[in-house]
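Enquirer: Quick one: this structure, given as structure tokens, is what I'll be asking you about.
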There are 4 protein chains.
Amino acid sequence: MSSNQKFGAGIWHFATYVDRYATDGYGPPRTLIEMIDLAGQVHDLSVVDINYPFADSSLSLDDVEAALKRNNLSVIGITPEIYTRKFAKGAFTNPDPGIRRLAYELINDAADVVRRFGASYVKLWPGQDGWDYPFQVDHRALWNASVDGIAELAAENADLKFVIEYKPREPRVHMSYDSVARTLLAIEKIGLPNVGILLDFGHSLYGGESPADAAQLAIDYGRLFGMDVNDNFRGWDDDLIAGSVHPIELFEFFYTLRKHDWHGVWQLDQFPFREDAVEAANSAIGFLKTIERALDKLDFDAMRAAQERHDAVTALGLAREALFTSYRAD
Amino acid sequence: MSSNQKFGAGIWHFATYVDRYATDGYGPPRTLIEMIDLAGQVHDLSVVDINYPFADSSLSLDDVEAALKRNNLSVIGITPEIYTRKFAKGAFTNPDPGIRRLAYELINDAADVVRRFGASYVKLWPGQDGWDYPFQVDHRALWNASVDGIAELAAENADLKFVIEYKPREPRVHMSYDSVARTLLAIEKIGLPNVGILLDFGHSLYGGESPADAAQLAIDYGRLFGMDVNDNFRGWDDDLIAGSVHPIELFEFFYTLRKHDWHGVWQLDQFPFREDAVEAANSAIGFLKTIERALDKLDFDAMRAAQERHDAVTALGLAREALFTSYRAD
Amino acid sequence: MSSNQKFGAGIWHFATYVDRYATDGYGPPRTLIEMIDLAGQVHDLSVVDINYPFADSSLSLDDVEAALKRNNLSVIGITPEIYTRKFAKGAFTNPDPGIRRLAYELINDAADVVRRFGASYVKLWPGQDGWDYPFQVDHRALWNASVDGIAELAAENADLKFVIEYKPREPRVHMSYDSVARTLLAIEKIGLPNVGILLDFGHSLYGGESPADAAQLAIDYGRLFGMDVNDNFRGWDDDLIAGSVHPIELFEFFYTLRKHDWHGVWQLDQFPFREDAVEAANSAIGFLKTIERALDKLDFDAMRAAQERHDAVTALGLAREALFTSYRAD
Amino acid sequence: MSSNQKFGAGIWHFATYVDRYATDGYGPPRTLIEMIDLAGQVHDLSVVDINYPFADSSLSLDDVEAALKRNNLSVIGITPEIYTRKFAKGAFTNPDPGIRRLAYELINDAADVVRRFGASYVKLWPGQDGWDYPFQVDHRALWNASVDGIAELAAENADLKFVIEYKPREPRVHMSYDSVARTLLAIEKIGLPNVGILLDFGHSLYGGESPADAAQLAIDYGRLFGMDVNDNFRGWDDDLIAGSVHPIELFEFFYTLRKHDWHGVWQLDQFPFREDAVEAANSAIGFLKTIERALDKLDFDAMRAAQERHDAVTALGLAREALFTSYRAD
């Protein structure tokens, strides 16, 4: 049986990176067009999430569309960059109302790009909204601003979906939207149908959640609008190749999606600092196909029965049998 | 100025403990009466939280009341022991409906003890409700059972308060009620006025929360019904002496309570495995009084102004100046 | 090809447990003979490590030997219980010289049991040697006592091997022998040929090490005298079923052993609190056999070549191909 | 009593930063001369550690010297940048021998700058030497290269000191020189008198060490050549203001230095991403002076006596009494 699953990636998967030590970058800068052309080399990749503004300010929407088209890629989401220098102290929660306004405007511009590309959502990752030190912020004011900023945008752009990608920390020492439960509290308070969650497997993992449990909770609230995967060592958002460290919990995560007929795109959010970007994507998607085959093979009824008894040994045995026999070198 | 603050402790602070290695215990077992008499030796302790069933099954309510009275102690809460052998696979979420029924009955019995002592609440700490392994449980079923079990009790005992003490893990590898946000999601779903949170400072800390932020959120939902303090190294529920590791965040936690005129008891939840229990309690309360004096001294207006700017350096300076000048050897 | 690998387990795998909450235990107590009979039911288990003094003080060495014999088990090591009540503040480092003497005597008694059973080593796990609080101990004095205590025993029992099982923490908040490197520093200082390391995969993992790297280092110092495996979530010594969370790093660990022709026993150190002990052992050994087959299949030359280039994608692909095709339901 | 203590800082404390999200930086780039002029504004700062090559390639040694002189600053160490793009896969351990050679040459150039400025040491922080993925490297080869590279440099530059700054991780997922014990193993193997440790308080803290214990161990091996302080939340190298989170352990760290008459410079290694660099340095040094006064006040004999008994409550009380009464607004 051939795969019917759609795969995607954040376009930044194909960028080069800087950090606070390698300030000259882990490679020469790449243009957005170069990134798209690299994405096009990955087997089975069909959609991308693109940062906005584009890495190259001179680039027109038509240029980008053309590059996507020749690589058979479409756009699933647009990620406004509300975490660059001017937003260093927050986008929605910035103490300066002028900066909050800039964030609002940037996200509205990104919303227009979503419309232009027929994408699925505006992705909000408020990485600078949070705090670093004890006593630094008034936690009520900070949280209210986090919620209100998104509420306003969602209300004014009722034709679009907004997805919130929560994360425990980085670049702030603590992010406002830090967990699935906290994000759902916000979404419940906002009370609009067009705000949901983009669940990043790695963020969930290193935030101390079980990603499968987090996905279940988001599904139960009707708010799992998107997802992406990667891996890490549970202490930081390492954005490693999916399945390279936690294949079993990755399998459980996708088991949860399959069980509830969640049919969205399986996306990658990896940062191959020192690896070839195309190879890293192929490696991940190759393993995701192993998981897809394992889901086809898994005895769901037997799994349900074991889970009804909380029978870990039997459940683990069923998962192992399906997963460790489904690899195929493509 | 003498302290007006009421201090309390879980009576287990005065027990001896076992763990999986020192199975013969860190000291000879103590009767509940002995624990109460030790609690009575602590300066400024006025209330206790008592486990139920009592450590000695032969003890009558009158016996306990008499011991409390002669030590000038009253009861703030009763903690039903829904985490012993028979509940090893969960109380509210146990796969066996007979065990779930036992939990229900035990908690109802504890509710009667709350009434008898005129205590403030039944404390629910569902330490065995959760999971250990990937694939072990159906996360939807587990969470629903976690919520429904408490909803039923709260509805049937509308004259009483129930407080949920969340905790990331231990004894389960992952507990259902793992964070402030998740617990508030449950409480919102239950929708009854008599269910709230008992916020344990240490659980919040090692769960990756800022305890001050967690307290703020619980206050904003009107659900901060109780609290207790201790300390740890952010990796486990060490239940060390309050303020021994994180004095500044402890100060920020109490700053948040003071700012909102939260006037409940300041309780201890410490496990002095190898220390003298009375000395450990005195050490903690001594430091809590330092914090109380520091709150009297802190410039709240200046702190608010610094926080409006997210000005960490100024805020930290204000906190330091108040805290590091308020110690007094009593 | 049938397995030539010997498998073992700590006999405590077959005990029941207490912790600070389920003080009545996760099941009725078991006698040592019952544990041995359970161990005998595990497929392919041939050696055990036994705590001393025996769980039942009335038991003679002959009784134990007979039980082992009828279950086709032999003894690999004896673990003196230097972590019970009287050693709550340390064995080698206890502030009371009388207690240090008791530890010395107990370990010497255990050494005699090693001789009696023809076992391979005395296993030292100084779980109570360490500290809980800042300022609690003089770190020089504590470390010197940790080292000297073992040096004395090793010098006086030159006919026997002593293995040190390091662990980051629990039951102490911080253990003296906390890591592979620290333990090697001690062993170098002791300078005797009969002191080595028993490397616990899970301790290494949650201590922030790579278990494969730790094994390599111990091998390079000629000190890898024993090992055991289990799994956890990197935050605590959960002692879960081996391979249930980190199959790939478990594979890398055994790859390191195979590469250096390390031919010792593959042991389990699991604590199946809520699981059937025999099933939990069979589940683990089943997976260890998958790993054994994967090692037979792995292309070692290609792996070496990839590692010479630090080529993570290729190395991961080789490991996946071998591991995810080697499962067999036995 | 006025302070006799010398204070220092890494000159990068006064830089602006980039990370993988705020790729446009947390502020406009600063020249080295600007950084030095900012350092000159900090009260009581007298020495700096400078990265090499200089941030501005056009700058001569004379230019730098002049800027230092007019700010009353001298140089304690030079930090060769062996962690930029070309060293992304390691300096000492790079798979490419040409890159290893470049690292060797760069460090030799830095050694000449040390000589030129009469500084105390070449600081080696091999941040890119390590690994990211399971199976990525041959751990023996990697470690040997880590050790041999430094051994060669130290042998050839016997007139200079080399200090190794260990760190658990970042930018690599795991760094070779990850802990005090591992670094001492290397230094013992190198066997030269001019290789020591620069102990970063924050690295020790988030690596799961007690910084006081780590300092003690380095002192006991005669290898504590330098130190710097900052703070974090034990999960990452946040490089926050010293004492902002862990004042008690910071006090214990300096207690250990004072006890052994360690008379080096107290340095800062902070990254004030969003704070004013001068204020952040003043805030830290202000608190270090509080600690200095607290050390003058602490009853060392009583502390020794408490530690001999492992008496945590008394020891904590002594530390609190000294620390929480020694603040002074300067």
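Note on naming: chains are A, B, ... as they come in the structure tokens, residues start from 1 per chain, ligands start from 1 in the order shown.
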Excluding Leu106 of chain D and residues on its chain fewer than 4 positions from it, collect all residues at most 12 Å away from it, counting only C-alpha atoms, and give them as a PDB file with N, CA, C and O atoms, in the first residue's frame.

Expert:
ATOM      1  N   ASN D  51      37.406  38.066  23.717  1.00  0.00           N
ATOM      2  CA  ASN D  51      37.389  37.103  22.618  1.00  0.00           C
ATOM      3  C   ASN D  51      38.430  37.460  21.582  1.00  0.00           C
ATOM      4  O   ASN D  51      38.694  38.633  21.330  1.00  0.00           O
ATOM      5  N   TYR D  52      38.951  36.439  20.946  1.00  0.00           N
ATOM      6  CA  TYR D  52      39.916  36.647  19.879  1.00  0.00           C
ATOM      7  C   TYR D  52      39.590  35.716  18.729  1.00  0.00           C
ATOM      8  O   TYR D  52      39.324  34.544  18.965  1.00  0.00           O
ATOM      9  N   PRO D  53      39.594  36.113  17.456  1.00  0.00           N
ATOM     10  CA  PRO D  53      39.918  37.447  16.956  1.00  0.00           C
ATOM     11  C   PRO D  53      38.929  38.500  17.480  1.00  0.00           C
ATOM     12  O   PRO D  53      37.788  38.171  17.813  1.00  0.00           O
ATOM     13  N   PHE D  54      39.374  39.734  17.517  1.00  0.00           N
ATOM     14  CA  PHE D  54      38.529  40.819  17.977  1.00  0.00           C
ATOM     15  C   PHE D  54      37.300  40.962  17.082  1.00  0.00           C
ATOM     16  O   PHE D  54      37.349  40.636  15.891  1.00  0.00           O
ATOM     17  N   ILE D  78      42.243  35.543  27.444  1.00  0.00           N
ATOM     18  CA  ILE D  78      41.844  35.671  26.041  1.00  0.00           C
ATOM     19  C   ILE D  78      41.114  34.387  25.659  1.00  0.00           C
ATOM     20  O   ILE D  78      41.603  33.287  25.945  1.00  0.00           O
ATOM     21  N   THR D  79      39.956  34.557  25.015  1.00  0.00           N
ATOM     22  CA  THR D  79      39.128  33.420  24.625  1.00  0.00           C
ATOM     23  C   THR D  79      39.122  33.286  23.113  1.00  0.00           C
ATOM     24  O   THR D  79      38.406  34.004  22.423  1.00  0.00           O
ATOM     25  N   PRO D  80      39.902  32.371  22.578  1.00  0.00           N
ATOM     26  CA  PRO D  80      39.873  32.174  21.124  1.00  0.00           C
ATOM     27  C   PRO D  80      38.508  31.625  20.688  1.00  0.00           C
ATOM     28  O   PRO D  80      37.960  30.728  21.336  1.00  0.00           O
ATOM     29  N   GLU D  81      38.011  32.152  19.588  1.00  0.00           N
ATOM     30  CA  GLU D  81      36.653  31.781  19.130  1.00  0.00           C
ATOM     31  C   GLU D  81      36.686  30.492  18.323  1.00  0.00           C
ATOM     32  O   GLU D  81      36.572  30.518  17.093  1.00  0.00           O
ATOM     33  N   ILE D  82      36.781  29.409  19.031  1.00  0.00           N
ATOM     34  CA  ILE D  82      36.863  28.096  18.370  1.00  0.00           C
ATOM     35  C   ILE D  82      35.480  27.475  18.237  1.00  0.00           C
ATOM     36  O   ILE D  82      35.315  26.255  18.287  1.00  0.00           O
ATOM     37  N   TYR D  83      34.473  28.334  18.058  1.00  0.00           N
ATOM     38  CA  TYR D  83      33.085  27.836  18.014  1.00  0.00           C
ATOM     39  C   TYR D  83      32.273  28.582  16.958  1.00  0.00           C
ATOM     40  O   TYR D  83      31.050  28.624  17.037  1.00  0.00           O
ATOM     41  N   THR D  84      32.954  29.190  15.990  1.00  0.00           N
ATOM     42  CA  THR D  84      32.237  29.882  14.912  1.00  0.00           C
ATOM     43  C   THR D  84      32.016  28.929  13.733  1.00  0.00           C
ATOM     44  O   THR D  84      32.264  27.725  13.854  1.00  0.00           O
ATOM     45  N   LYS D  86      33.292  27.884  10.967  1.00  0.00           N
ATOM     46  CA  LYS D  86      34.199  26.844  10.437  1.00  0.00           C
ATOM     47  C   LYS D  86      34.428  25.717  11.442  1.00  0.00           C
ATOM     48  O   LYS D  86      34.804  24.619  11.082  1.00  0.00           O
ATOM     49  N   PHE D  87      34.155  26.013  12.714  1.00  0.00           N
ATOM     50  CA  PHE D  87      34.314  24.983  13.749  1.00  0.00           C
ATOM     51  C   PHE D  87      32.980  24.327  14.128  1.00  0.00           C
ATOM     52  O   PHE D  87      32.867  23.714  15.197  1.00  0.00           O
ATOM     53  N   ALA D  91      36.332  21.839  17.106  1.00  0.00           N
ATOM     54  CA  ALA D  91      37.663  22.427  16.947  1.00  0.00           C
ATOM     55  C   ALA D  91      38.694  21.312  17.115  1.00  0.00           C
ATOM     56  O   ALA D  91      39.240  20.806  16.136  1.00  0.00           O
ATOM     57  N   PHE D  92      38.879  20.849  18.350  1.00  0.00           N
ATOM     58  CA  PHE D  92      39.837  19.765  18.608  1.00  0.00           C
ATOM     59  C   PHE D  92      39.387  18.439  17.998  1.00  0.00           C
ATOM     60  O   PHE D  92      40.190  17.558  17.728  1.00  0.00           O
ATOM     61  N   ILE D  99      40.709  21.645   9.669  1.00  0.00           N
ATOM     62  CA  ILE D  99      40.003  22.508  10.634  1.00  0.00           C
ATOM     63  C   ILE D  99      40.658  22.375  12.010  1.00  0.00           C
ATOM     64  O   ILE D  99      40.803  23.373  12.738  1.00  0.00           O
ATOM     65  N   ARG D 100      41.045  21.185  12.360  1.00  0.00           N
ATOM     66  CA  ARG D 100      41.746  21.018  13.643  1.00  0.00           C
ATOM     67  C   ARG D 100      43.008  21.864  13.654  1.00  0.00           C
ATOM     68  O   ARG D 100      43.356  22.479  14.667  1.00  0.00           O
ATOM     69  N   ARG D 101      43.675  21.904  12.515  1.00  0.00           N
ATOM     70  CA  ARG D 101      44.891  22.726  12.394  1.00  0.00           C
ATOM     71  C   ARG D 101      44.558  24.214  12.564  1.00  0.00           C
ATOM     72  O   ARG D 101      45.292  24.950  13.231  1.00  0.00           O
ATOM     73  N   LEU D 102      43.459  24.642  11.960  1.00  0.00           N
ATOM     74  CA  LEU D 102      43.044  26.043  12.105  1.00  0.00           C
ATOM     75  C   LEU D 102      42.789  26.394  13.573  1.00  0.00           C
ATOM     76  O   LEU D 102      43.132  27.489  14.025  1.00  0.00           O
ATOM     77  N   ALA D 110      46.059  33.340  19.916  1.00  0.00           N
ATOM     78  CA  ALA D 110      45.473  33.872  21.150  1.00  0.00           C
ATOM     79  C   ALA D 110      46.508  33.834  22.279  1.00  0.00           C
ATOM     80  O   ALA D 110      46.550  34.737  23.137  1.00  0.00           O
ATOM     81  N   ALA D 111      47.337  32.805  22.279  1.00  0.00           N
ATOM     82  CA  ALA D 111      48.381  32.704  23.302  1.00  0.00           C
ATOM     83  C   ALA D 111      49.332  33.893  23.209  1.00  0.00           C
ATOM     84  O   ALA D 111      49.767  34.438  24.233  1.00  0.00           O
ATOM     85  N   ASP D 112      49.621  34.290  21.993  1.00  0.00           N
ATOM     86  CA  ASP D 112      50.487  35.469  21.831  1.00  0.00           C
ATOM     87  C   ASP D 112      49.822  36.734  22.367  1.00  0.00           C
ATOM     88  O   ASP D 112      50.497  37.603  22.923  1.00  0.00           O
ATOM     89  N   VAL D 113      48.532  36.828  22.198  1.00  0.00           N
ATOM     90  CA  VAL D 113      47.817  37.990  22.739  1.00  0.00           C
ATOM     91  C   VAL D 113      47.854  37.954  24.267  1.00  0.00           C
ATOM     92  O   VAL D 113      47.988  38.992  24.924  1.00  0.00           O
ATOM     93  N   VAL D 122      44.972  31.538  28.608  1.00  0.00           N
ATOM     94  CA  VAL D 122      44.157  31.298  27.420  1.00  0.00           C
ATOM     95  C   VAL D 122      42.941  30.505  27.878  1.00  0.00           C
ATOM     96  O   VAL D 122      43.095  29.461  28.517  1.00  0.00           O
ATOM     97  N   LEU D 124      39.897  28.156  27.083  1.00  0.00           N
ATOM     98  CA  LEU D 124      39.404  27.238  26.065  1.00  0.00           C
ATOM     99  C   LEU D 124      37.982  26.833  26.395  1.00  0.00           C
ATOM    100  O   LEU D 124      37.727  26.213  27.449  1.00  0.00           O
ATOM    101  N   LEU D 153      48.846  21.789  22.900  1.00  0.00           N
ATOM    102  CA  LEU D 153      48.973  23.237  23.100  1.00  0.00           C
ATOM    103  C   LEU D 153      49.659  23.561  24.417  1.00  0.00           C
ATOM    104  O   LEU D 153      50.496  24.472  24.493  1.00  0.00           O
TER     105      LEU D 153
END

Enquirer: May I have the residues within 6 Å of segment 235-245 of chain D as a list in words, using only C-alpha atoms and disregarding those fewer than 2 positions away in the same chain?

Expert: Tyr206, Val229, Asn230, Asp231, Asn232, Phe233, Pro247, Gln270, Phe271 and Ala284 of chain D

Enquirer: So which one's closest to chain D, A:Glu275, A:Glu308, A:Asp49, A:Asp63? Using only C-alpha atoms, please.

Expert: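 When distances to chain D are compared using only C-alpha atoms, the smallest one comes from A:Glu275.
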
Enquirer: Could you give me, as an MDAnalysis selection string, the residues within 12 Å of Gly196 of chain A, counting only C-alpha atoms and dropping anything in the same chain fewer than 6 positions from it?

Expert: chainID A and resid 120:124 150:151 154 160:166 180 183:188 190 215 218:227

Enquirer: Atom CA of Ala214 of chain A and atom CA of Gly207 of chain C, how far apart in Å?

Expert: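 Result for atom CA of Gly207 of chain C versus atom CA of Ala214 of chain A: 26.3 Å, one decimal.
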
Enquirer: Given a cut-off of 7 Å, which residues of chain A touch chain C, counting only C-alpha atoms, written out as a list of chain:residue names?

Expert: A:Val245, A:His246, A:Ile248, A:Ala280, A:Ser283, A:Val313, A:Glu321, A:Phe324, A:Thr325, A:Tyr327

Enquirer: Go ahead and dump the residues you just picked, N, CA, C and O atoms, as a PDB file, in the first residue's frame.

Expert:
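Below is the file part-v9.pdb, written as the result:
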ATOM      1  N   VAL A 245      15.297   9.919  18.578  1.00  0.00           N
ATOM      2  CA  VAL A 245      15.475   9.658  20.009  1.00  0.00           C
ATOM      3  C   VAL A 245      14.251   8.972  20.628  1.00  0.00           C
ATOM      4  O   VAL A 245      14.388   8.066  21.431  1.00  0.00           O
ATOM      5  N   HIS A 246      13.054   9.395  20.238  1.00  0.00           N
ATOM      6  CA  HIS A 246      11.825   8.905  20.889  1.00  0.00           C
ATOM      7  C   HIS A 246      10.857   8.272  19.886  1.00  0.00           C
ATOM      8  O   HIS A 246       9.718   8.745  19.730  1.00  0.00           O
ATOM      9  N   ILE A 248       9.094   5.606  20.006  1.00  0.00           N
ATOM     10  CA  ILE A 248       7.887   4.965  20.523  1.00  0.00           C
ATOM     11  C   ILE A 248       6.836   6.008  20.886  1.00  0.00           C
ATOM     12  O   ILE A 248       5.653   5.856  20.584  1.00  0.00           O
ATOM     13  N   ALA A 280      18.263  15.374   5.958  1.00  0.00           N
ATOM     14  CA  ALA A 280      17.598  15.333   7.265  1.00  0.00           C
ATOM     15  C   ALA A 280      16.081  15.211   7.100  1.00  0.00           C
ATOM     16  O   ALA A 280      15.410  14.511   7.869  1.00  0.00           O
ATOM     17  N   SER A 283      15.321  11.654   5.876  1.00  0.00           N
ATOM     18  CA  SER A 283      15.465  10.701   6.978  1.00  0.00           C
ATOM     19  C   SER A 283      14.215  10.703   7.847  1.00  0.00           C
ATOM     20  O   SER A 283      13.700   9.654   8.237  1.00  0.00           O
ATOM     21  N   VAL A 313       2.526  -3.683  29.816  1.00  0.00           N
ATOM     22  CA  VAL A 313       3.384  -4.677  29.175  1.00  0.00           C
ATOM     23  C   VAL A 313       2.775  -5.157  27.866  1.00  0.00           C
ATOM     24  O   VAL A 313       3.456  -5.227  26.833  1.00  0.00           O
ATOM     25  N   GLU A 321       5.712  -4.714  18.349  1.00  0.00           N
ATOM     26  CA  GLU A 321       5.547  -5.661  17.246  1.00  0.00           C
ATOM     27  C   GLU A 321       5.212  -4.927  15.954  1.00  0.00           C
ATOM     28  O   GLU A 321       5.744  -5.254  14.884  1.00  0.00           O
ATOM     29  N   PHE A 324       8.534  -2.231  15.134  1.00  0.00           N
ATOM     30  CA  PHE A 324       9.864  -2.760  14.834  1.00  0.00           C
ATOM     31  C   PHE A 324       9.854  -3.788  13.704  1.00  0.00           C
ATOM     32  O   PHE A 324      10.838  -4.498  13.513  1.00  0.00           O
ATOM     33  N   THR A 325       8.736  -3.869  12.992  1.00  0.00           N
ATOM     34  CA  THR A 325       8.686  -4.745  11.814  1.00  0.00           C
ATOM     35  C   THR A 325       8.242  -3.963  10.575  1.00  0.00           C
ATOM     36  O   THR A 325       7.968  -4.572   9.550  1.00  0.00           O
ATOM     37  N   TYR A 327       9.833  -1.135   9.131  1.00  0.00           N
ATOM     38  CA  TYR A 327      10.847  -0.359   8.413  1.00  0.00           C
ATOM     39  C   TYR A 327      10.976  -0.861   6.981  1.00  0.00           C
ATOM     40  O   TYR A 327      10.886  -2.061   6.725  1.00  0.00           O
TER      41      TYR A 327
END

Enquirer: Select from segment 25-115 of chain B everything DSSP, run on the backbone, classes as helix (DSSP H, G or I), then give the selection as a count of residues only.

Expert: 40

Enquirer: Among segment 170-297 of chain D, which residues does DSSP mark as strand (DSSP E) when it is run on the backbone? Keep the chain and numbering as in the structure and answer as a ChimeraX atom specification.

Expert: /D:174-175,195-200,224-229,266-268

Enquirer: Please provide as a ChimeraX atom specification all residues within 10 Å of Asp299 of chain A, with the sequence filter that same-chain residues fewer than 3 positions apart are discarded (counting only C-alpha atoms).

Expert: /A:294-296,302-304,318-319,321-322

Enquirer: Deliver the residues from the most recent selection as a file, using N, CA and C atoms, as a CSV table (one decimal), in the first residue's frame.

Expert:
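Contents of the output file part02.csv:
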chain,number,residue,atom,x,y,z
A,294,ALA,N,3.3,1.1,10.3
A,294,ALA,CA,3.1,0.4,11.6
A,294,ALA,C,1.6,0.7,12.1
A,295,LEU,N,1.1,1.8,11.8
A,295,LEU,CA,-0.3,2.1,12.2
A,295,LEU,C,-1.3,1.2,11.4
A,296,ASP,N,-0.9,0.9,10.1
A,296,ASP,CA,-1.7,0.0,9.3
A,296,ASP,C,-1.7,-1.4,9.9
A,302,ALA,N,-6.9,-4.8,20.0
A,302,ALA,CA,-6.1,-5.4,21.1
A,302,ALA,C,-5.5,-4.3,22.0
A,303,MET,N,-5.1,-3.2,21.3
A,303,MET,CA,-4.5,-2.1,22.0
A,303,MET,C,-5.6,-1.4,22.9
A,304,ARG,N,-6.7,-1.2,22.4
A,304,ARG,CA,-7.8,-0.7,23.3
A,304,ARG,C,-8.1,-1.6,24.5
A,318,LEU,N,2.4,-4.8,21.9
A,318,LEU,CA,1.7,-4.6,20.6
A,318,LEU,C,2.4,-3.5,19.8
A,319,ALA,N,2.8,-2.4,20.5
A,319,ALA,CA,3.4,-1.3,19.8
A,319,ALA,C,4.7,-1.7,19.2
A,321,GLU,N,5.7,-4.7,18.3
A,321,GLU,CA,5.5,-5.7,17.2
A,321,GLU,C,5.2,-4.9,16.0
A,322,ALA,N,4.4,-3.9,16.1
A,322,ALA,CA,4.0,-3.2,14.8
A,322,ALA,C,5.1,-2.3,14.4
